[in-house]
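Here the structure comes first, spelled out in C-alpha cells, and everything after it is commentary.
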Amino acid sequence: MKSFFIGDLEVKLPIIQGGMGVGVSLSGLASAVANEGGIGTISCAGLGLIYHQSPGDYLSKSITGLKEEIKKAKEKSKGIIGINIMVALTNYADMARTSIAENVDIIFSGAGLPLNLPSFLTRGCKTKLAPIISSARAARIICDKWKSNYNYLPDAFVVEGPKAGGHLGFKLNQIEDENYALEKLVPEVLEVTDSYKEEKRIPVIAAGGISTGEDIYRFLKLGASGIQMGTMFITTTECDASETFKNVYVNANQEDIKIIQSPVGMPGRAIDGEFIRSVEKGLEAPKSCPFHCIKTCDYTKSPYCISQCLYQAALGNMKKGYAFTGMNVHLSKKISSVKEVISNLKQQFAAAETKHLK
C-alpha cells in the first residue's frame, strides 16, 4: 500500500479510521490507528455526555471533552489525528473552532454539507479540511462555494457509499440501487476533483463497506488515494467502547443488519436488537431533552434520543441502545489488536495485488 499526501501531510498507510460516536472512536482507537501510519479519528458526537462530570452545560462539557481527547491522543501518538464533526451538530462551530485551536491534523465533516467550514480556519493553522460526501454533485457544490466564498478548496474528499455503517446520505430506495454504488461514485467524484487539479490536488478517499485488503486494492485501482473503514476497527482491544458492545459485532451475522430511520432524519444501518424492537413498538419516546445536540431533532416528535441510545450501547447497555454497523459486520470474527487488523489487511492487499499481476 502506497502512502499519499493530503496537502503537505503524508499519510503513510492509506487507511483512515472512520469517526464513530458516541464513545466508540475516541483517543484510544484513534491513536492506535495513527501509530500504524494511518489516520486515527476521534468522533465529536456526544462528547458532552461522555464528559458529563465536567463543569458547565452540555455544550461546555463537549468542548472540555474534545480538548481532553485530543490531548490524550497526542500523548499516545505522533501520527495523524483527525476529528469527525457532523454538520448536524448544534455545536458544530464550537467543535470546529476547538479542533483548529488544538492543532488537529484534519477535520472530517459530513451529515450535511459543511459549506462554512473554511470560515473557522485561523491564520497560520495547518488543519486540513475533508468533507464527507455521497455524490459528485455535493463535491461540485462544496468546491464552488468554498472557492467563491473563501478562496479555498477541500484538502481531500471522503466519498461514502450506501454500504457504510451509521447514518447514510441516501434515500431508502437508493441504498440497494447499483447506480449509487461506491464503485460508481468514486470515478464520478474523481472527475470533479480532476477539474481543479491545476489549482489543487484533492485526494479522494473511498468509504462505506470496505472491509478487506482486496476491497482496498480495488478502490485504489479505481483511483482513490486511500480508504476509510470503521466497523472492522470496532472489534479491537483499543476501541474505546465496552467489551459487551464489541461482542455484539463479533456475534452478528449479515441477516441481523437492519436499515432504520434515525431521529436525525436520515436512514441508518444498524444491528437489530431489543432496543430497536422497543422503538418499533413506540416504547422509547423521550420525555425531555437536556442536550439539543442535533439541529434537526425535535424531541417532542422523536421516537428516542439518539445520543443517549448510542452512548448506552457503547457502555454495553444494549437494552437501551443499538450498534450502528457497516455491511460486512459478519467478517468481525474476534476481538484483536489494531496492529493485527492492519497486518491482515496488508496481507490480503498483497495477495490481491499478486493475483492481479498474474
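The way I read the labels, and the way they are meant: chains A, B, ... in the order of the C-alpha cells, residue 1 as the first residue of every chain, and ligand 1 as the first ligand shown, with later ones counted on from there.
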message: Give me, as a list in words, all polymer residues having an atom no more than 8 Å from A:Val329, counting only C-alpha atoms and skipping those fewer than 2 positions away in the same chain.
response: Thr231, Met232, Tyr249, Val250, Ala252, Asn253, Gln254, Thr325, Gly326, Met327, Leu331 and Ser332 of chain A
Could you write out that same residue set with C-alpha atoms as an mmCIF file, in the first residue's frame?
data_model
loop_
_atom_site.group_PDB
_atom_site.id
_atom_site.type_symbol
_atom_site.label_atom_id
_atom_site.label_comp_id
_atom_site.auth_asym_id
_atom_site.auth_seq_id
_atom_site.Cartn_x
_atom_site.Cartn_y
_atom_site.Cartn_z
ATOM 1 C CA THR A 231 -16.662 -1.414 11.539
ATOM 2 C CA MET A 232 -13.506 -3.534 11.290
ATOM 3 C CA TYR A 249 -20.312 -7.251 16.370
ATOM 4 C CA VAL A 250 -18.406 -10.490 16.892
ATOM 5 C CA ALA A 252 -23.610 -10.576 14.446
ATOM 6 C CA ASN A 253 -24.480 -12.067 11.063
ATOM 7 C CA GLN A 254 -25.454 -10.253 7.877
ATOM 8 C CA THR A 325 -22.631 -1.180 11.561
ATOM 9 C CA GLY A 326 -21.240 -1.397 8.060
ATOM 10 C CA MET A 327 -22.444 -4.004 5.575
ATOM 11 C CA LEU A 331 -16.303 -10.520 8.962
ATOM 12 C CA SER A 332 -15.663 -9.347 12.547
#
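Using only C-alpha atoms, the protein and nucleic acid residues lying no more than 6 Å from stretch 255-260 of chain A, apart from those fewer than 5 places from it along its own chain, are Pro267, Gly268, Arg269, Ala270, Ile271 and Asp272 of chain A.
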query: Which polymer residues have any atom within 7 Å of an atom of stretch 303-307 of chain A, counting only C-alpha atoms, with same-chain residues fewer than 5 positions away left out, as an MDAnalysis selection string?
result: chainID A and resid 22 46 263 279 282 284:286
Identify all residues of stretch 197-332 of chain A in helix (DSSP H, G or I) (DSSP on the backbone) and supply them as a PDB file with N, CA and C atoms, in the first residue's frame.
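Contents of the output file result32.pdb:
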ATOM      1  N   GLY A 213      -8.453  -6.338   2.576  1.00  0.00           N
ATOM      2  CA  GLY A 213      -7.351  -5.822   1.769  1.00  0.00           C
ATOM      3  C   GLY A 213      -7.681  -5.853   0.287  1.00  0.00           C
ATOM      4  N   GLU A 214      -8.488  -6.828  -0.110  1.00  0.00           N
ATOM      5  CA  GLU A 214      -8.918  -6.912  -1.512  1.00  0.00           C
ATOM      6  C   GLU A 214      -9.797  -5.718  -1.878  1.00  0.00           C
ATOM      7  N   ASP A 215     -10.686  -5.319  -0.941  1.00  0.00           N
ATOM      8  CA  ASP A 215     -11.508  -4.121  -1.151  1.00  0.00           C
ATOM      9  C   ASP A 215     -10.617  -2.892  -1.322  1.00  0.00           C
ATOM     10  N   ILE A 216      -9.605  -2.789  -0.463  1.00  0.00           N
ATOM     11  CA  ILE A 216      -8.695  -1.637  -0.521  1.00  0.00           C
ATOM     12  C   ILE A 216      -7.999  -1.597  -1.879  1.00  0.00           C
ATOM     13  N   TYR A 217      -7.498  -2.750  -2.315  1.00  0.00           N
ATOM     14  CA  TYR A 217      -6.811  -2.837  -3.609  1.00  0.00           C
ATOM     15  C   TYR A 217      -7.737  -2.367  -4.741  1.00  0.00           C
ATOM     16  N   ARG A 218      -8.985  -2.825  -4.689  1.00  0.00           N
ATOM     17  CA  ARG A 218      -9.951  -2.499  -5.752  1.00  0.00           C
ATOM     18  C   ARG A 218     -10.197  -0.998  -5.853  1.00  0.00           C
ATOM     19  N   PHE A 219     -10.359  -0.332  -4.709  1.00  0.00           N
ATOM     20  CA  PHE A 219     -10.674   1.100  -4.748  1.00  0.00           C
ATOM     21  C   PHE A 219      -9.451   1.959  -5.049  1.00  0.00           C
ATOM     22  N   LEU A 220      -8.270   1.499  -4.642  1.00  0.00           N
ATOM     23  CA  LEU A 220      -7.057   2.234  -5.027  1.00  0.00           C
ATOM     24  C   LEU A 220      -6.840   2.117  -6.539  1.00  0.00           C
ATOM     25  N   LYS A 221      -7.171   0.950  -7.111  1.00  0.00           N
ATOM     26  CA  LYS A 221      -7.068   0.773  -8.572  1.00  0.00           C
ATOM     27  C   LYS A 221      -8.069   1.663  -9.317  1.00  0.00           C
ATOM     28  N   THR A 231     -16.179  -0.207  10.877  1.00  0.00           N
ATOM     29  CA  THR A 231     -16.662  -1.414  11.539  1.00  0.00           C
ATOM     30  C   THR A 231     -15.548  -2.376  11.918  1.00  0.00           C
ATOM     31  N   MET A 232     -14.574  -2.561  11.022  1.00  0.00           N
ATOM     32  CA  MET A 232     -13.506  -3.534  11.290  1.00  0.00           C
ATOM     33  C   MET A 232     -12.593  -3.113  12.453  1.00  0.00           C
ATOM     34  N   PHE A 233     -12.653  -1.828  12.837  1.00  0.00           N
ATOM     35  CA  PHE A 233     -11.839  -1.366  13.965  1.00  0.00           C
ATOM     36  C   PHE A 233     -12.597  -1.405  15.299  1.00  0.00           C
ATOM     37  N   ILE A 234     -13.897  -1.684  15.242  1.00  0.00           N
ATOM     38  CA  ILE A 234     -14.669  -1.722  16.492  1.00  0.00           C
ATOM     39  C   ILE A 234     -14.266  -2.921  17.343  1.00  0.00           C
ATOM     40  N   GLU A 243     -16.495  -4.010  26.135  1.00  0.00           N
ATOM     41  CA  GLU A 243     -16.361  -5.368  25.590  1.00  0.00           C
ATOM     42  C   GLU A 243     -17.726  -5.910  25.158  1.00  0.00           C
ATOM     43  N   THR A 244     -18.766  -5.606  25.922  1.00  0.00           N
ATOM     44  CA  THR A 244     -20.122  -6.061  25.576  1.00  0.00           C
ATOM     45  C   THR A 244     -20.523  -5.535  24.208  1.00  0.00           C
ATOM     46  N   PHE A 245     -20.254  -4.276  23.965  1.00  0.00           N
ATOM     47  CA  PHE A 245     -20.562  -3.643  22.677  1.00  0.00           C
ATOM     48  C   PHE A 245     -19.787  -4.327  21.559  1.00  0.00           C
ATOM     49  N   LYS A 246     -18.511  -4.553  21.769  1.00  0.00           N
ATOM     50  CA  LYS A 246     -17.676  -5.190  20.739  1.00  0.00           C
ATOM     51  C   LYS A 246     -18.187  -6.597  20.401  1.00  0.00           C
ATOM     52  N   ASN A 247     -18.642  -7.314  21.420  1.00  0.00           N
ATOM     53  CA  ASN A 247     -19.109  -8.684  21.198  1.00  0.00           C
ATOM     54  C   ASN A 247     -20.429  -8.748  20.425  1.00  0.00           C
ATOM     55  N   VAL A 248     -21.185  -7.649  20.423  1.00  0.00           N
ATOM     56  CA  VAL A 248     -22.375  -7.579  19.575  1.00  0.00           C
ATOM     57  C   VAL A 248     -21.962  -7.746  18.107  1.00  0.00           C
ATOM     58  N   TYR A 249     -20.831  -7.163  17.736  1.00  0.00           N
ATOM     59  CA  TYR A 249     -20.312  -7.251  16.370  1.00  0.00           C
ATOM     60  C   TYR A 249     -19.737  -8.639  16.081  1.00  0.00           C
ATOM     61  N   VAL A 250     -19.002  -9.159  17.059  1.00  0.00           N
ATOM     62  CA  VAL A 250     -18.406 -10.490  16.892  1.00  0.00           C
ATOM     63  C   VAL A 250     -19.498 -11.537  16.641  1.00  0.00           C
ATOM     64  N   GLN A 254     -24.912 -11.226   8.839  1.00  0.00           N
ATOM     65  CA  GLN A 254     -25.454 -10.253   7.877  1.00  0.00           C
ATOM     66  C   GLN A 254     -26.966 -10.106   7.992  1.00  0.00           C
ATOM     67  N   GLU A 255     -27.643 -11.211   8.325  1.00  0.00           N
ATOM     68  CA  GLU A 255     -29.109 -11.138   8.422  1.00  0.00           C
ATOM     69  C   GLU A 255     -29.578 -10.349   9.638  1.00  0.00           C
ATOM     70  N   ASP A 256     -28.653 -10.020  10.551  1.00  0.00           N
ATOM     71  CA  ASP A 256     -29.005  -9.202  11.720  1.00  0.00           C
ATOM     72  C   ASP A 256     -29.009  -7.703  11.400  1.00  0.00           C
ATOM     73  N   GLU A 274     -32.940  -5.691  20.876  1.00  0.00           N
ATOM     74  CA  GLU A 274     -34.069  -5.433  21.770  1.00  0.00           C
ATOM     75  C   GLU A 274     -34.513  -3.972  21.738  1.00  0.00           C
ATOM     76  N   PHE A 275     -33.557  -3.039  21.720  1.00  0.00           N
ATOM     77  CA  PHE A 275     -33.922  -1.622  21.761  1.00  0.00           C
ATOM     78  C   PHE A 275     -34.650  -1.200  20.479  1.00  0.00           C
ATOM     79  N   ILE A 276     -34.158  -1.654  19.332  1.00  0.00           N
ATOM     80  CA  ILE A 276     -34.807  -1.298  18.056  1.00  0.00           C
ATOM     81  C   ILE A 276     -36.248  -1.826  18.031  1.00  0.00           C
ATOM     82  N   ARG A 277     -36.447  -3.031  18.547  1.00  0.00           N
ATOM     83  CA  ARG A 277     -37.806  -3.593  18.577  1.00  0.00           C
ATOM     84  C   ARG A 277     -38.694  -2.814  19.545  1.00  0.00           C
ATOM     85  N   SER A 278     -38.100  -2.320  20.624  1.00  0.00           N
ATOM     86  CA  SER A 278     -38.848  -1.497  21.582  1.00  0.00           C
ATOM     87  C   SER A 278     -39.260  -0.168  20.949  1.00  0.00           C
ATOM     88  N   VAL A 279     -38.346   0.417  20.149  1.00  0.00           N
ATOM     89  CA  VAL A 279     -38.650   1.663  19.423  1.00  0.00           C
ATOM     90  C   VAL A 279     -39.811   1.441  18.461  1.00  0.00           C
ATOM     91  N   GLU A 280     -39.783   0.302  17.771  1.00  0.00           N
ATOM     92  CA  GLU A 280     -40.844  -0.007  16.797  1.00  0.00           C
ATOM     93  C   GLU A 280     -42.212  -0.129  17.462  1.00  0.00           C
ATOM     94  N   ILE A 306     -31.221   9.776  20.237  1.00  0.00           N
ATOM     95  CA  ILE A 306     -30.157   9.002  19.594  1.00  0.00           C
ATOM     96  C   ILE A 306     -28.829   9.124  20.332  1.00  0.00           C
ATOM     97  N   SER A 307     -28.538  10.267  20.933  1.00  0.00           N
ATOM     98  CA  SER A 307     -27.285  10.414  21.673  1.00  0.00           C
ATOM     99  C   SER A 307     -27.251   9.469  22.871  1.00  0.00           C
ATOM    100  N   GLN A 308     -28.351   9.457  23.635  1.00  0.00           N
ATOM    101  CA  GLN A 308     -28.433   8.561  24.794  1.00  0.00           C
ATOM    102  C   GLN A 308     -28.369   7.098  24.348  1.00  0.00           C
ATOM    103  N   CYS A 309     -29.058   6.808  23.255  1.00  0.00           N
ATOM    104  CA  CYS A 309     -29.103   5.437  22.725  1.00  0.00           C
ATOM    105  C   CYS A 309     -27.709   4.936  22.356  1.00  0.00           C
ATOM    106  N   LEU A 310     -26.953   5.740  21.614  1.00  0.00           N
ATOM    107  CA  LEU A 310     -25.615   5.332  21.177  1.00  0.00           C
ATOM    108  C   LEU A 310     -24.639   5.293  22.354  1.00  0.00           C
ATOM    109  N   TYR A 311     -24.800   6.218  23.288  1.00  0.00           N
ATOM    110  CA  TYR A 311     -23.942   6.257  24.474  1.00  0.00           C
ATOM    111  C   TYR A 311     -24.165   5.011  25.335  1.00  0.00           C
ATOM    112  N   GLN A 312     -25.422   4.676  25.580  1.00  0.00           N
ATOM    113  CA  GLN A 312     -25.743   3.495  26.374  1.00  0.00           C
ATOM    114  C   GLN A 312     -25.214   2.226  25.708  1.00  0.00           C
ATOM    115  N   ALA A 313     -25.337   2.159  24.396  1.00  0.00           N
ATOM    116  CA  ALA A 313     -24.832   0.986  23.666  1.00  0.00           C
ATOM    117  C   ALA A 313     -23.326   0.851  23.837  1.00  0.00           C
ATOM    118  N   ALA A 314     -22.599   1.963  23.662  1.00  0.00           N
ATOM    119  CA  ALA A 314     -21.134   1.924  23.796  1.00  0.00           C
ATOM    120  C   ALA A 314     -20.718   1.496  25.199  1.00  0.00           C
ATOM    121  N   LEU A 315     -21.548   1.837  26.206  1.00  0.00           N
ATOM    122  CA  LEU A 315     -21.271   1.416  27.583  1.00  0.00           C
ATOM    123  C   LEU A 315     -21.570  -0.063  27.799  1.00  0.00           C
ATOM    124  N   VAL A 329     -20.351  -6.727   8.711  1.00  0.00           N
ATOM    125  CA  VAL A 329     -20.115  -6.995  10.127  1.00  0.00           C
ATOM    126  C   VAL A 329     -19.785  -8.468  10.369  1.00  0.00           C
ATOM    127  N   HIS A 330     -20.276  -9.360   9.507  1.00  0.00           N
ATOM    128  CA  HIS A 330     -20.048 -10.808   9.691  1.00  0.00           C
ATOM    129  C   HIS A 330     -18.560 -11.179   9.596  1.00  0.00           C
ATOM    130  N   LEU A 331     -17.734 -10.259   9.067  1.00  0.00           N
ATOM    131  CA  LEU A 331     -16.303 -10.520   8.962  1.00  0.00           C
ATOM    132  C   LEU A 331     -15.568 -10.254  10.274  1.00  0.00           C
TER     133      LEU A 331
END
Every residue of stretch 155-214 of chain A that DSSP places in strand (DSSP E), as a PyMOL selection string: chain A and resi 157-160+166-167+204-207
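Remark: for A:His167, the closest of the candidate residues A:Leu9, A:Ile132, A:Ile107, A:Ala224 is A:Ile132 (distances computed over only C-alpha atoms).
Counting only C-alpha atoms and comparing A:Tyr150, A:Phe157, A:Phe108, A:Tyr196, the residue that lies closest to A:Met95 is A:Phe108.
For the pair atom CA of A:Lys61 and atom CA of A:Gly48, the separation is 4.6 Å.
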Near-stretch 142-145 of chain A list (8 Å; only C-alpha atoms; drop same-chain fewer than 2 positions) as a compact mmCIF listing (two decimals) with N, CA and C atoms, in the first residue's frame:
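Written file, selection38.txt:
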# COMPACT_ATOMS: atom_id res chain seq x y z
N LEU A 113 -23.86 19.27 4.32
CA LEU A 113 -22.76 19.88 3.56
C LEU A 113 -22.06 20.93 4.42
N PRO A 114 -20.76 20.77 4.66
CA PRO A 114 -20.02 21.73 5.51
C PRO A 114 -19.64 22.99 4.72
N LEU A 115 -20.64 23.76 4.33
CA LEU A 115 -20.41 24.89 3.41
C LEU A 115 -19.61 26.03 4.03
N ALA A 138 -22.48 16.88 -4.73
CA ALA A 138 -22.08 17.50 -3.45
C ALA A 138 -20.64 18.00 -3.52
N ALA A 139 -19.77 17.22 -4.15
CA ALA A 139 -18.37 17.64 -4.30
C ALA A 139 -18.27 18.94 -5.08
N ARG A 140 -19.03 19.04 -6.16
CA ARG A 140 -19.01 20.24 -7.01
C ARG A 140 -19.55 21.45 -6.24
N LYS A 147 -14.63 27.96 -2.93
CA LYS A 147 -13.75 28.77 -3.78
C LYS A 147 -14.25 30.21 -3.87
N SER A 148 -15.55 30.36 -4.08
CA SER A 148 -16.10 31.72 -4.24
C SER A 148 -16.17 32.47 -2.91
N ASN A 149 -16.45 31.78 -1.81
CA ASN A 149 -16.62 32.46 -0.52
C ASN A 149 -15.34 32.59 0.29
N TYR A 150 -14.40 31.63 0.11
CA TYR A 150 -13.21 31.62 0.96
C TYR A 150 -11.90 31.49 0.18
N LEU A 153 -10.08 25.42 -1.48
CA LEU A 153 -10.63 24.16 -1.98
C LEU A 153 -10.39 23.07 -0.94
N PRO A 154 -11.25 22.05 -0.89
CA PRO A 154 -11.05 20.97 0.09
C PRO A 154 -9.67 20.34 -0.04
- prompt: When distances are computed from only C-alpha atoms, which of A:Val159, A:Ala45, A:Ala136, A:Ala101 shows the smallest separation from A:Glu188?
  reply: A:Ala136
Residues of stretch 157-234 of chain A at most 12 Å from stretch 35-44 of chain A: nearest atom pair and distance in Å, only C-alpha atoms, as JSON lines:
{"residue": "A:Ile205", "atom": "CA", "partner": "A:Ile39", "partner_atom": "CA", "distance": 11.7}
{"residue": "A:Gly226", "atom": "CA", "partner": "A:Gly38", "partner_atom": "CA", "distance": 9.6}
{"residue": "A:Ile227", "atom": "CA", "partner": "A:Gly38", "partner_atom": "CA", "distance": 10.0}
{"residue": "A:Gln228", "atom": "CA", "partner": "A:Ile39", "partner_atom": "CA", "distance": 9.0}
{"residue": "A:Met229", "atom": "CA", "partner": "A:Gly40", "partner_atom": "CA", "distance": 10.6}
{"residue": "A:Gly230", "atom": "CA", "partner": "A:Thr41", "partner_atom": "CA", "distance": 9.8}
{"residue": "A:Phe233", "atom": "CA", "partner": "A:Gly40", "partner_atom": "CA", "distance": 10.5}
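Taking atom CA of A:Ile50 as the reference point, atom CA of A:Leu26 is found at 10.3 Å.
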- line: The residue from A:Leu283, A:Val87, A:Cys239, A:Val189 with the smallest atom-to-atom distance to A:Ile141, counting only C-alpha atoms, is A:Val189
message: Env of A:Glu102: 8 Å cut, atoms = only C-alpha atoms, seq-sep filter 2 positions within chain, self excluded. Answer as JSON, numbers by chain.
response: {"A": [67, 70, 98, 99, 100, 104]}
Those same residues, written as a compact mmCIF listing (two decimals), in the first residue's frame with N, CA and C atoms?
# COMPACT_ATOMS: atom_id res chain seq x y z
N LYS A 67 -11.17 18.75 23.88
CA LYS A 67 -9.79 19.14 24.23
C LYS A 67 -9.05 17.99 24.91
N ILE A 70 -8.24 15.09 22.39
CA ILE A 70 -7.13 15.47 21.50
C ILE A 70 -5.81 15.39 22.26
N THR A 98 -12.63 24.60 18.16
CA THR A 98 -11.79 23.93 19.17
C THR A 98 -10.76 23.02 18.52
N SER A 99 -11.19 22.25 17.52
CA SER A 99 -10.27 21.34 16.81
C SER A 99 -9.12 22.11 16.19
N ILE A 100 -9.44 23.23 15.57
CA ILE A 100 -8.41 24.05 14.91
C ILE A 100 -7.48 24.69 15.95
N VAL A 104 -5.40 20.07 15.50
CA VAL A 104 -5.59 18.72 14.96
C VAL A 104 -5.14 18.72 13.50
